[in-house]
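Text of final.csv, listed as CSV, N, CA, C and O atoms:
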```csv
chain,number,residue,atom,x,y,z
S,96,GLY,N,136.9,110.5,48.2
S,96,GLY,CA,136.9,109.3,47.4
S,96,GLY,C,137.2,109.6,46.0
S,96,GLY,O,137.3,110.7,45.5
S,97,TYR,N,137.4,108.5,45.2
S,97,TYR,CA,137.7,108.6,43.8
S,97,TYR,C,136.9,107.6,43.0
S,97,TYR,O,136.6,106.5,43.5
S,98,ALA,N,136.7,108.0,41.7
S,98,ALA,CA,136.0,107.1,40.8
S,98,ALA,C,136.7,107.2,39.5
S,98,ALA,O,137.1,108.3,39.1
S,99,ASN,N,136.8,106.1,38.7
S,99,ASN,CA,137.4,106.2,37.4
S,99,ASN,C,136.3,106.3,36.4
S,99,ASN,O,135.4,105.5,36.3
S,100,GLU,N,136.4,107.4,35.6
S,100,GLU,CA,135.5,107.7,34.6
S,100,GLU,C,136.2,107.7,33.2
S,100,GLU,O,137.0,108.7,32.9
S,101,LYS,N,136.1,106.6,32.5
S,101,LYS,CA,136.7,106.5,31.2
S,101,LYS,C,138.2,106.7,31.2
S,101,LYS,O,138.8,107.4,30.4
S,102,GLY,N,138.9,106.1,32.2
S,102,GLY,CA,140.3,106.2,32.4
S,102,GLY,C,140.9,107.4,33.1
S,102,GLY,O,142.1,107.6,33.3
S,103,GLU,N,140.0,108.3,33.5
S,103,GLU,CA,140.4,109.5,34.3
S,103,GLU,C,139.8,109.4,35.7
S,103,GLU,O,138.7,109.0,35.9
S,104,TRP,N,140.7,109.8,36.7
S,104,TRP,CA,140.2,109.8,38.1
S,104,TRP,C,139.5,111.0,38.4
S,104,TRP,O,140.0,112.1,38.2
S,105,ALA,N,138.3,110.8,38.9
S,105,ALA,CA,137.5,112.0,39.4
S,105,ALA,C,137.4,111.9,40.9
S,105,ALA,O,137.2,110.9,41.5
S,106,THR,N,137.5,113.1,41.5
S,106,THR,CA,137.3,113.2,43.0
S,106,THR,C,135.9,113.3,43.3
S,106,THR,O,135.1,114.0,42.8
S,107,LEU,N,135.5,112.4,44.3
S,107,LEU,CA,134.1,112.5,44.8
S,107,LEU,C,134.1,113.0,46.2
S,107,LEU,O,134.9,112.5,47.1
S,108,PRO,N,133.4,114.1,46.5
S,108,PRO,CA,133.4,114.7,47.8
S,108,PRO,C,132.8,113.7,48.9
S,108,PRO,O,131.9,113.0,48.6
S,109,GLN,N,133.4,113.6,50.0
S,109,GLN,CA,133.0,112.8,51.1
S,109,GLN,C,132.2,113.7,52.0
S,109,GLN,O,132.7,114.6,52.7
S,110,LEU,N,130.9,113.6,52.0
S,110,LEU,CA,130.0,114.5,52.7
S,110,LEU,C,129.4,114.0,54.0
S,110,LEU,O,128.7,114.7,54.7
S,111,GLY,N,129.7,112.7,54.3
S,111,GLY,CA,129.2,112.1,55.6
S,111,GLY,C,130.0,112.6,56.8
S,111,GLY,O,130.8,113.5,56.7
S,112,THR,N,129.7,111.9,57.9
S,112,THR,CA,130.4,112.2,59.2
S,112,THR,C,130.9,111.0,59.8
S,112,THR,O,130.8,109.9,59.3
S,113,VAL,N,131.5,111.1,61.0
S,113,VAL,CA,131.9,110.0,61.8
S,113,VAL,C,131.2,110.2,63.2
S,113,VAL,O,131.3,111.3,63.8
S,114,ARG,N,130.5,109.2,63.6
S,114,ARG,CA,129.8,109.2,64.9
S,114,ARG,C,130.5,108.2,65.8
S,114,ARG,O,130.6,107.0,65.5
S,115,ILE,N,131.0,108.7,67.0
S,115,ILE,CA,131.7,107.9,67.9
S,115,ILE,C,130.9,107.9,69.2
S,115,ILE,O,130.6,108.9,69.8
S,116,GLY,N,130.6,106.7,69.7
S,116,GLY,CA,129.7,106.5,70.8
S,116,GLY,C,130.5,106.7,72.1
S,116,GLY,O,131.7,107.0,72.2
S,117,THR,N,129.7,106.6,73.2
S,117,THR,CA,130.3,106.9,74.6
S,117,THR,C,131.2,105.7,74.9
S,117,THR,O,131.0,104.5,74.5
S,118,ARG,N,132.2,105.9,75.7
S,118,ARG,CA,133.1,104.9,76.2
S,118,ARG,C,133.9,104.2,75.1
S,118,ARG,O,134.4,103.1,75.3
S,119,ALA,N,133.9,104.8,73.9
S,119,ALA,CA,134.7,104.2,72.8
S,119,ALA,C,136.1,104.7,73.0
S,119,ALA,O,136.4,105.9,73.4
S,120,GLU,N,137.1,103.8,72.8
S,120,GLU,CA,138.5,104.2,72.9
S,120,GLU,C,139.2,104.0,71.5
S,120,GLU,O,139.0,102.9,70.9
S,121,ILE,N,139.9,105.0,71.1
S,121,ILE,CA,140.6,105.0,69.8
S,121,ILE,C,142.0,105.2,70.0
S,121,ILE,O,142.4,106.3,70.6
S,122,GLY,N,142.9,104.3,69.6
S,122,GLY,CA,144.3,104.4,69.8
S,122,GLY,C,145.0,105.3,68.9
S,122,GLY,O,144.5,105.8,67.9
S,123,ALA,N,146.3,105.5,69.2
S,123,ALA,CA,147.2,106.4,68.4
S,123,ALA,C,147.3,105.9,67.0
S,123,ALA,O,147.3,104.7,66.7
S,124,TRP,N,147.4,106.8,66.1
S,124,TRP,CA,147.5,106.6,64.6
S,124,TRP,C,146.4,105.8,64.0
S,124,TRP,O,146.6,105.2,63.0
S,125,ALA,N,145.3,105.7,64.7
S,125,ALA,CA,144.1,105.0,64.1
S,125,ALA,C,143.5,106.0,63.1
S,125,ALA,O,143.5,107.2,63.4
S,126,THR,N,143.1,105.5,61.9
S,126,THR,CA,142.5,106.4,60.9
S,126,THR,C,141.0,105.9,60.7
S,126,THR,O,140.8,104.7,60.5
S,127,ILE,N,140.1,106.9,60.9
S,127,ILE,CA,138.7,106.6,60.7
S,127,ILE,C,138.2,107.6,59.6
S,127,ILE,O,138.2,108.8,59.9
S,128,ALA,N,137.8,107.0,58.5
S,128,ALA,CA,137.3,107.9,57.4
S,128,ALA,C,135.9,108.3,57.5
S,128,ALA,O,135.1,107.5,57.9
S,129,ARG,N,135.6,109.5,57.2
S,129,ARG,CA,134.2,110.0,57.2
S,129,ARG,C,133.4,109.3,56.1
S,129,ARG,O,134.0,108.8,55.1
S,130,GLY,N,132.1,109.1,56.3
S,130,GLY,CA,131.3,108.5,55.3
S,130,GLY,C,131.2,109.2,54.0
S,130,GLY,O,131.4,110.5,54.0
S,131,ALA,N,130.9,108.5,53.0
S,131,ALA,CA,130.8,109.2,51.7
S,131,ALA,C,129.5,110.0,51.7
S,131,ALA,O,129.6,111.2,51.3
S,132,LEU,N,128.4,109.5,52.1
S,132,LEU,CA,127.1,110.3,52.2
S,132,LEU,C,126.5,110.2,53.6
S,132,LEU,O,126.1,111.1,54.1
S,133,ASP,N,126.5,109.0,54.1
S,133,ASP,CA,126.0,108.7,55.5
S,133,ASP,C,127.2,108.7,56.4
S,133,ASP,O,128.3,109.0,56.1
S,134,ALA,N,127.0,108.3,57.7
S,134,ALA,CA,128.0,108.3,58.7
S,134,ALA,C,128.8,107.0,58.8
S,134,ALA,O,128.3,105.9,58.5
S,135,THR,N,130.1,107.1,59.2
S,135,THR,CA,130.8,106.0,59.7
S,135,THR,C,130.5,105.9,61.1
S,135,THR,O,130.5,107.0,61.8
S,136,ILE,N,130.1,104.7,61.7
S,136,ILE,CA,129.6,104.7,63.0
S,136,ILE,C,130.4,103.7,63.9
S,136,ILE,O,130.6,102.6,63.6
S,137,ILE,N,130.9,104.3,65.0
S,137,ILE,CA,131.6,103.5,66.0
S,137,ILE,C,130.6,103.6,67.2
S,137,ILE,O,130.5,104.6,67.8
S,138,GLU,N,130.0,102.4,67.6
S,138,GLU,CA,129.0,102.4,68.6
S,138,GLU,C,129.7,102.5,70.0
S,138,GLU,O,130.9,102.5,70.1
S,139,ASP,N,128.9,102.5,71.1
S,139,ASP,CA,129.4,102.6,72.5
S,139,ASP,C,130.2,101.4,72.8
S,139,ASP,O,130.1,100.3,72.3
S,140,ASN,N,131.2,101.7,73.7
S,140,ASN,CA,132.0,100.6,74.4
S,140,ASN,C,132.9,99.9,73.4
S,140,ASN,O,133.1,98.7,73.5
S,141,VAL,N,133.3,100.5,72.3
S,141,VAL,CA,134.2,99.9,71.3
S,141,VAL,C,135.6,100.3,71.6
S,141,VAL,O,135.9,101.4,72.0
S,142,ILE,N,136.5,99.3,71.3
S,142,ILE,CA,137.9,99.6,71.5
S,142,ILE,C,138.6,99.4,70.1
S,142,ILE,O,138.4,98.4,69.5
S,143,ILE,N,139.2,100.5,69.6
S,143,ILE,CA,140.0,100.4,68.4
S,143,ILE,C,141.5,100.7,68.8
S,143,ILE,O,141.8,101.8,69.2
S,144,ASP,N,142.3,99.7,68.6
S,144,ASP,CA,143.7,99.8,69.0
S,144,ASP,C,144.5,100.8,68.1
S,144,ASP,O,144.0,101.3,67.1
S,145,ASN,N,145.8,100.9,68.4
S,145,ASN,CA,146.7,101.7,67.6
S,145,ASN,C,146.8,101.2,66.2
S,145,ASN,O,146.7,100.0,65.9
S,146,GLN,N,147.1,102.1,65.3
S,146,GLN,CA,147.4,101.9,63.9
S,146,GLN,C,146.4,101.0,63.2
S,146,GLN,O,146.7,100.1,62.5
S,147,MET,N,145.2,101.4,63.3
S,147,MET,CA,144.0,100.7,62.6
S,147,MET,C,143.6,101.6,61.5
S,147,MET,O,143.7,102.8,61.5
S,148,GLN,N,142.9,101.0,60.5
S,148,GLN,CA,142.3,101.7,59.4
S,148,GLN,C,140.9,101.3,59.3
S,148,GLN,O,140.6,100.2,59.0
S,149,ILE,N,140.0,102.3,59.4
S,149,ILE,CA,138.5,102.1,59.3
S,149,ILE,C,138.1,103.0,58.1
S,149,ILE,O,138.2,104.2,58.2
S,150,ALA,N,137.6,102.4,57.1
S,150,ALA,CA,137.2,103.1,55.9
S,150,ALA,C,135.8,103.7,56.0
S,150,ALA,O,135.1,103.6,57.0
S,151,HIS,N,135.4,104.4,54.9
S,151,HIS,CA,134.1,105.1,54.9
S,151,HIS,C,132.9,104.2,55.1
S,151,HIS,O,132.9,103.1,54.6
S,152,ASN,N,131.9,104.7,55.8
S,152,ASN,CA,130.6,104.0,56.0
S,152,ASN,C,130.7,102.7,56.7
S,152,ASN,O,129.8,101.9,56.6
S,153,VAL,N,131.8,102.4,57.5
S,153,VAL,CA,131.9,101.2,58.3
S,153,VAL,C,131.0,101.4,59.5
S,153,VAL,O,130.9,102.5,60.0
S,154,GLN,N,130.4,100.3,60.0
S,154,GLN,CA,129.7,100.3,61.2
S,154,GLN,C,130.2,99.3,62.2
S,154,GLN,O,130.3,98.1,61.8
S,155,ILE,N,130.7,99.7,63.4
S,155,ILE,CA,131.3,98.8,64.3
S,155,ILE,C,130.3,98.7,65.5
S,155,ILE,O,130.0,99.7,66.2
S,156,GLY,N,129.8,97.5,65.8
S,156,GLY,CA,128.8,97.3,66.8
S,156,GLY,C,129.3,97.4,68.3
S,156,GLY,O,130.5,97.3,68.6
S,157,TYR,N,128.3,97.6,69.2
S,157,TYR,CA,128.6,97.7,70.6
S,157,TYR,C,129.5,96.7,71.2
S,157,TYR,O,129.4,95.5,70.9
S,158,GLY,N,130.5,97.1,72.0
S,158,GLY,CA,131.3,96.2,72.7
S,158,GLY,C,132.4,95.5,71.9
S,158,GLY,O,133.1,94.6,72.4
S,159,THR,N,132.6,95.8,70.6
S,159,THR,CA,133.6,95.2,69.8
S,159,THR,C,135.0,95.7,70.1
S,159,THR,O,135.1,96.9,70.4
S,160,ALA,N,136.0,94.8,70.1
S,160,ALA,CA,137.4,95.2,70.3
S,160,ALA,C,138.2,94.8,69.1
S,160,ALA,O,138.0,93.7,68.6
S,161,MET,N,139.0,95.7,68.6
S,161,MET,CA,139.8,95.5,67.4
S,161,MET,C,141.2,95.9,67.7
S,161,MET,O,141.5,96.9,68.3
S,162,ALA,N,142.2,95.0,67.3
S,162,ALA,CA,143.6,95.3,67.6
S,162,ALA,C,144.5,94.7,66.5
S,162,ALA,O,144.0,94.0,65.6
S,163,GLY,N,145.8,94.9,66.6
S,163,GLY,CA,146.7,94.2,65.8
S,163,GLY,C,146.8,94.7,64.3
S,163,GLY,O,147.0,93.9,63.5
S,164,GLY,N,146.6,96.0,64.1
S,164,GLY,CA,146.8,96.5,62.7
S,164,GLY,C,145.7,96.1,61.8
S,164,GLY,O,145.9,95.9,60.6
S,165,THR,N,144.5,95.9,62.2
S,165,THR,CA,143.4,95.5,61.4
S,165,THR,C,143.0,96.7,60.4
S,165,THR,O,143.0,97.8,60.8
S,166,ILE,N,142.6,96.3,59.2
S,166,ILE,CA,142.1,97.2,58.2
S,166,ILE,C,140.7,96.8,57.8
S,166,ILE,O,140.5,95.6,57.5
S,167,VAL,N,139.8,97.7,57.8
S,167,VAL,CA,138.4,97.4,57.4
S,167,VAL,C,138.0,98.3,56.2
S,167,VAL,O,138.1,99.5,56.3
S,168,ALA,N,137.7,97.6,55.1
S,168,ALA,CA,137.3,98.3,53.9
S,168,ALA,C,135.9,98.9,54.0
S,168,ALA,O,135.1,98.5,54.9
S,169,GLY,N,135.5,99.8,53.1
S,169,GLY,CA,134.3,100.5,53.2
S,169,GLY,C,133.0,99.7,53.2
S,169,GLY,O,132.9,98.6,52.6
S,170,ILE,N,132.1,100.3,53.9
S,170,ILE,CA,130.7,99.8,53.9
S,170,ILE,C,130.6,98.4,54.6
S,170,ILE,O,129.7,97.6,54.3
S,171,THR,N,131.6,98.1,55.5
S,171,THR,CA,131.5,96.8,56.2
S,171,THR,C,130.8,97.0,57.5
S,171,THR,O,130.9,98.1,58.1
S,172,LYS,N,129.9,96.0,57.9
S,172,LYS,CA,129.2,96.1,59.1
S,172,LYS,C,129.7,95.0,60.1
S,172,LYS,O,129.6,93.8,59.7
S,173,ILE,N,130.1,95.4,61.3
S,173,ILE,CA,130.6,94.5,62.3
S,173,ILE,C,129.6,94.5,63.4
S,173,ILE,O,129.3,95.6,64.0
S,174,GLY,N,129.2,93.3,63.8
S,174,GLY,CA,128.1,93.2,64.9
S,174,GLY,C,128.7,93.5,66.3
S,174,GLY,O,129.8,93.9,66.5
S,175,LYS,N,127.9,93.2,67.3
S,175,LYS,CA,128.2,93.4,68.7
S,175,LYS,C,129.2,92.4,69.2
S,175,LYS,O,129.2,91.2,68.8
S,176,TYR,N,130.0,92.8,70.1
S,176,TYR,CA,130.9,91.9,70.9
S,176,TYR,C,131.9,91.1,70.1
S,176,TYR,O,132.3,90.1,70.5
S,177,CYS,N,132.3,91.6,68.9
S,177,CYS,CA,133.3,90.9,68.1
S,177,CYS,C,134.7,91.2,68.6
S,177,CYS,O,134.9,92.3,69.1
S,178,ILE,N,135.6,90.2,68.5
S,178,ILE,CA,137.0,90.4,68.8
S,178,ILE,C,137.7,90.2,67.5
S,178,ILE,O,137.7,89.1,67.0
S,179,ILE,N,138.4,91.2,67.1
S,179,ILE,CA,139.1,91.2,65.8
S,179,ILE,C,140.5,91.6,65.9
S,179,ILE,O,140.8,92.7,66.5
S,180,GLY,N,141.5,90.9,65.4
S,180,GLY,CA,142.9,91.3,65.5
S,180,GLY,C,143.8,90.4,64.6
S,180,GLY,O,143.3,89.6,63.8
S,181,GLY,N,145.1,90.6,64.8
S,181,GLY,CA,146.0,89.8,64.1
S,181,GLY,C,146.3,90.2,62.7
S,181,GLY,O,146.4,89.4,61.8
S,182,ALA,N,146.5,91.5,62.4
S,182,ALA,CA,146.8,92.0,61.1
S,182,ALA,C,145.8,91.6,60.1
S,182,ALA,O,146.1,91.2,58.9
S,183,LEU,N,144.5,91.6,60.4
S,183,LEU,CA,143.4,91.1,59.6
S,183,LEU,C,143.0,92.2,58.6
S,183,LEU,O,143.0,93.4,59.0
S,184,VAL,N,142.6,91.9,57.4
S,184,VAL,CA,142.0,92.8,56.5
S,184,VAL,C,140.6,92.3,56.1
S,184,VAL,O,140.5,91.1,55.7
S,185,LEU,N,139.6,93.1,56.4
S,185,LEU,CA,138.2,92.8,56.0
S,185,LEU,C,137.8,93.5,54.7
S,185,LEU,O,137.9,94.7,54.6
S,186,ASN,N,137.4,92.7,53.8
S,186,ASN,CA,136.9,93.2,52.5
S,186,ASN,C,135.6,94.1,52.7
S,186,ASN,O,134.9,93.9,53.7
S,187,GLY,N,135.4,94.9,51.8
S,187,GLY,CA,134.2,95.8,51.9
S,187,GLY,C,132.9,95.2,51.6
S,187,GLY,O,132.9,94.1,51.0
S,188,HIS,N,131.8,95.8,51.9
S,188,HIS,CA,130.4,95.4,51.6
S,188,HIS,C,130.1,94.1,52.1
S,188,HIS,O,129.4,93.3,51.5
S,189,ILE,N,130.5,93.8,53.4
S,189,ILE,CA,130.2,92.5,54.0
S,189,ILE,C,129.6,92.8,55.4
S,189,ILE,O,129.8,93.9,55.9
S,190,GLU,N,128.9,91.8,56.0
S,190,GLU,CA,128.4,91.9,57.3
S,190,GLU,C,129.0,90.8,58.2
S,190,GLU,O,129.1,89.6,57.7
S,191,ILE,N,129.4,91.1,59.4
S,191,ILE,CA,130.1,90.1,60.3
S,191,ILE,C,129.3,90.0,61.5
S,191,ILE,O,129.0,91.0,62.2
S,192,ALA,N,129.0,88.8,61.9
S,192,ALA,CA,128.4,88.4,63.3
S,192,ALA,C,127.0,89.1,63.5
S,192,ALA,O,126.8,89.8,64.4
S,193,GLY,N,126.1,88.8,62.6
S,193,GLY,CA,124.7,89.2,62.9
S,193,GLY,C,124.4,90.6,63.1
S,193,GLY,O,123.9,91.0,64.1
S,194,CYS,N,124.8,91.5,62.2
S,194,CYS,CA,124.6,92.9,62.4
S,194,CYS,C,123.1,93.3,62.3
S,194,CYS,O,122.4,92.8,61.6
```
Please, can you express the file's structure as structure tokens?
Amino acid sequence: GYANEKGEWATLPQLGTVRIGTRAEIGAWATIARGALDATIIEDNVIIDNQMQIAHNVQIGYGTAMAGGTIVAGITKIGKYCIIGGALVLNGHIEIAGC
């Protein structure tokens, strides 16, 4: 990651991990960023289609399916059984569907 300090870009080490649950499917060219400090979490039975972008510290709940070039910004929490698609961009630091 990066932070701007008085007009200069500083590199911030990403020290977290990515946890992928059982029966999770991740398509080709999907990008899942490791967490900044904690984990990025993909729970069990999740489907992430091709060409998706999942940013740092995102949490995707059980049984969620994502398709169609969706982009999820950092620290977003997505609840269980959500269906997300259609070239959607989700802003960071939000919770969707009762996380």
Shell around region 112-114 of chain S at 7 Å using only N, CA, C and O atoms, local window under 5 positions removed, as an MDAnalysis selection string: chainID S and resid 127:138 152
Backbone DSSP call of strand (DSSP E or B) for chain S, listed as a PyMOL selection string: chain S and resi 97-100+103-106+113-115+120-121+126-127+135-137+142-143+148-149+154-155+160-161+166-167+172-173+178-179+184-185+190-191
Can you tell me which residues surround region 171-181 of chain S at a distance of at most 7 Å, considering all atoms listed in the file, apart from same-chain residues fewer than 5 positions away, and format the answer as a compact mmCIF listing (two decimals) with N, CA, C and O atoms, in the frame of the given file?
```txt
# COMPACT_ATOMS: atom_id res chain seq x y z
N ILE S 142 136.50 99.30 71.30
CA ILE S 142 137.90 99.60 71.50
C ILE S 142 138.60 99.40 70.10
O ILE S 142 138.40 98.40 69.50
N ALA S 150 137.60 102.40 57.10
CA ALA S 150 137.20 103.10 55.90
C ALA S 150 135.80 103.70 56.00
O ALA S 150 135.10 103.60 57.00
N HIS S 151 135.40 104.40 54.90
CA HIS S 151 134.10 105.10 54.90
C HIS S 151 132.90 104.20 55.10
O HIS S 151 132.90 103.10 54.60
N ASN S 152 131.90 104.70 55.80
CA ASN S 152 130.60 104.00 56.00
C ASN S 152 130.70 102.70 56.70
O ASN S 152 129.80 101.90 56.60
N VAL S 153 131.80 102.40 57.50
CA VAL S 153 131.90 101.20 58.30
C VAL S 153 131.00 101.40 59.50
O VAL S 153 130.90 102.50 60.00
N GLN S 154 130.40 100.30 60.00
CA GLN S 154 129.70 100.30 61.20
C GLN S 154 130.20 99.30 62.20
O GLN S 154 130.30 98.10 61.80
N ILE S 155 130.70 99.70 63.40
CA ILE S 155 131.30 98.80 64.30
C ILE S 155 130.30 98.70 65.50
O ILE S 155 130.00 99.70 66.20
N GLY S 156 129.80 97.50 65.80
CA GLY S 156 128.80 97.30 66.80
C GLY S 156 129.30 97.40 68.30
O GLY S 156 130.50 97.30 68.60
N TYR S 157 128.30 97.60 69.20
CA TYR S 157 128.60 97.70 70.60
C TYR S 157 129.50 96.70 71.20
O TYR S 157 129.40 95.50 70.90
N GLY S 158 130.50 97.10 72.00
CA GLY S 158 131.30 96.20 72.70
C GLY S 158 132.40 95.50 71.90
O GLY S 158 133.10 94.60 72.40
N THR S 159 132.60 95.80 70.60
CA THR S 159 133.60 95.20 69.80
C THR S 159 135.00 95.70 70.10
O THR S 159 135.10 96.90 70.40
N ALA S 160 136.00 94.80 70.10
CA ALA S 160 137.40 95.20 70.30
C ALA S 160 138.20 94.80 69.10
O ALA S 160 138.00 93.70 68.60
N MET S 161 139.00 95.70 68.60
CA MET S 161 139.80 95.50 67.40
C MET S 161 141.20 95.90 67.70
O MET S 161 141.50 96.90 68.30
N ALA S 162 142.20 95.00 67.30
CA ALA S 162 143.60 95.30 67.60
C ALA S 162 144.50 94.70 66.50
O ALA S 162 144.00 94.00 65.60
N GLY S 163 145.80 94.90 66.60
CA GLY S 163 146.70 94.20 65.80
C GLY S 163 146.80 94.70 64.30
O GLY S 163 147.00 93.90 63.50
N GLY S 164 146.60 96.00 64.10
CA GLY S 164 146.80 96.50 62.70
C GLY S 164 145.70 96.10 61.80
O GLY S 164 145.90 95.90 60.60
N THR S 165 144.50 95.90 62.20
CA THR S 165 143.40 95.50 61.40
C THR S 165 143.00 96.70 60.40
O THR S 165 143.00 97.80 60.80
N ASN S 186 137.40 92.70 53.80
CA ASN S 186 136.90 93.20 52.50
C ASN S 186 135.60 94.10 52.70
O ASN S 186 134.90 93.90 53.70
N GLY S 187 135.40 94.90 51.80
CA GLY S 187 134.20 95.80 51.90
C GLY S 187 132.90 95.20 51.60
O GLY S 187 132.90 94.10 51.00
N HIS S 188 131.80 95.80 51.90
CA HIS S 188 130.40 95.40 51.60
C HIS S 188 130.10 94.10 52.10
O HIS S 188 129.40 93.30 51.50
N ILE S 189 130.50 93.80 53.40
CA ILE S 189 130.20 92.50 54.00
C ILE S 189 129.60 92.80 55.40
O ILE S 189 129.80 93.90 55.90
N GLU S 190 128.90 91.80 56.00
CA GLU S 190 128.40 91.90 57.30
C GLU S 190 129.00 90.80 58.20
O GLU S 190 129.10 89.60 57.70
N ILE S 191 129.40 91.10 59.40
CA ILE S 191 130.10 90.10 60.30
C ILE S 191 129.30 90.00 61.50
O ILE S 191 129.00 91.00 62.20
N ALA S 192 129.00 88.80 61.90
CA ALA S 192 128.40 88.40 63.30
C ALA S 192 127.00 89.10 63.50
O ALA S 192 126.80 89.80 64.40
N GLY S 193 126.10 88.80 62.60
CA GLY S 193 124.70 89.20 62.90
C GLY S 193 124.40 90.60 63.10
O GLY S 193 123.90 91.00 64.10
N CYS S 194 124.80 91.50 62.20
CA CYS S 194 124.60 92.90 62.40
C CYS S 194 123.10 93.30 62.30
O CYS S 194 122.40 92.80 61.60
```
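Straight-line separation from atom O of Ala98 (chain S) to atom C of Ala182 (chain S): 28.2 Å.
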Nearest to Glu120 (chain S) by atom-to-atom distance, counting only C-alpha atoms, from S:Gln146, S:Leu183, S:Asn140, S:Tyr97: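 Among the listed residues, the smallest separation from Glu120 (chain S) belongs to S:Asn140.
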Atom C of Thr126 (chain S) to atom N of Asn145 (chain S), straight-line distance in Å: 10.4 Å
Atomic distance atom C of Gly169 (chain S) - atom N of Leu185 (chain S), expressed in Å with one decimal: 9.9 Å
Who sits within 6 Å of Gly96 (chain S), only N, CA, C and O atoms, same chain under 2 positions skipped, as an MDAnalysis selection string: chainID S and resid 98 105:109
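In terms of minimum interatomic distance to Ile121 (chain S), S:Asp144 ranks closest within S:Asp144, S:Asp139, S:Glu103, S:Ile149, counting all atoms listed in the file.
Ranking S:Gln148, S:Val167, S:Asn99, S:Val141 by their shortest atom-to-atom distance to Gly116 (chain S), with all atoms listed in the file included, puts S:Val141 first.
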What would region 161-166 of chain S look like with all heavy atoms restored, written as a PDB file, in the frame of the given file?
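Here's the written file part19.pdb:
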```
ATOM      1  N   MET S 161     139.000  95.700  68.600  1.00  0.00           N
ATOM      2  CA  MET S 161     139.800  95.500  67.400  1.00  0.00           C
ATOM      3  C   MET S 161     141.200  95.900  67.700  1.00  0.00           C
ATOM      4  O   MET S 161     141.500  96.900  68.300  1.00  0.00           O
ATOM      5  CB  MET S 161     139.251  96.356  66.249  1.00  0.00           C
ATOM      6  CG  MET S 161     137.797  96.075  65.941  1.00  0.00           C
ATOM      7  SD  MET S 161     137.110  97.171  64.704  1.00  0.00           S
ATOM      8  CE  MET S 161     137.997  96.600  63.274  1.00  0.00           C
ATOM      9  N   ALA S 162     142.200  95.000  67.300  1.00  0.00           N
ATOM     10  CA  ALA S 162     143.600  95.300  67.600  1.00  0.00           C
ATOM     11  C   ALA S 162     144.500  94.700  66.500  1.00  0.00           C
ATOM     12  O   ALA S 162     144.000  94.000  65.600  1.00  0.00           O
ATOM     13  CB  ALA S 162     143.953  94.668  68.931  1.00  0.00           C
ATOM     14  N   GLY S 163     145.800  94.900  66.600  1.00  0.00           N
ATOM     15  CA  GLY S 163     146.700  94.200  65.800  1.00  0.00           C
ATOM     16  C   GLY S 163     146.800  94.700  64.300  1.00  0.00           C
ATOM     17  O   GLY S 163     147.000  93.900  63.500  1.00  0.00           O
ATOM     18  N   GLY S 164     146.600  96.000  64.100  1.00  0.00           N
ATOM     19  CA  GLY S 164     146.800  96.500  62.700  1.00  0.00           C
ATOM     20  C   GLY S 164     145.700  96.100  61.800  1.00  0.00           C
ATOM     21  O   GLY S 164     145.900  95.900  60.600  1.00  0.00           O
ATOM     22  N   THR S 165     144.500  95.900  62.200  1.00  0.00           N
ATOM     23  CA  THR S 165     143.400  95.500  61.400  1.00  0.00           C
ATOM     24  C   THR S 165     143.000  96.700  60.400  1.00  0.00           C
ATOM     25  O   THR S 165     143.000  97.800  60.800  1.00  0.00           O
ATOM     26  CB  THR S 165     142.141  95.156  62.267  1.00  0.00           C
ATOM     27  OG1 THR S 165     142.509  94.048  63.086  1.00  0.00           O
ATOM     28  CG2 THR S 165     140.932  94.787  61.447  1.00  0.00           C
ATOM     29  N   ILE S 166     142.600  96.300  59.200  1.00  0.00           N
ATOM     30  CA  ILE S 166     142.100  97.200  58.200  1.00  0.00           C
ATOM     31  C   ILE S 166     140.700  96.800  57.800  1.00  0.00           C
ATOM     32  O   ILE S 166     140.500  95.600  57.500  1.00  0.00           O
ATOM     33  CB  ILE S 166     143.052  97.185  56.958  1.00  0.00           C
ATOM     34  CG1 ILE S 166     144.467  97.617  57.353  1.00  0.00           C
ATOM     35  CG2 ILE S 166     142.481  98.063  55.852  1.00  0.00           C
ATOM     36  CD1 ILE S 166     145.494  97.402  56.259  1.00  0.00           C
TER      37      ILE S 166
END
```
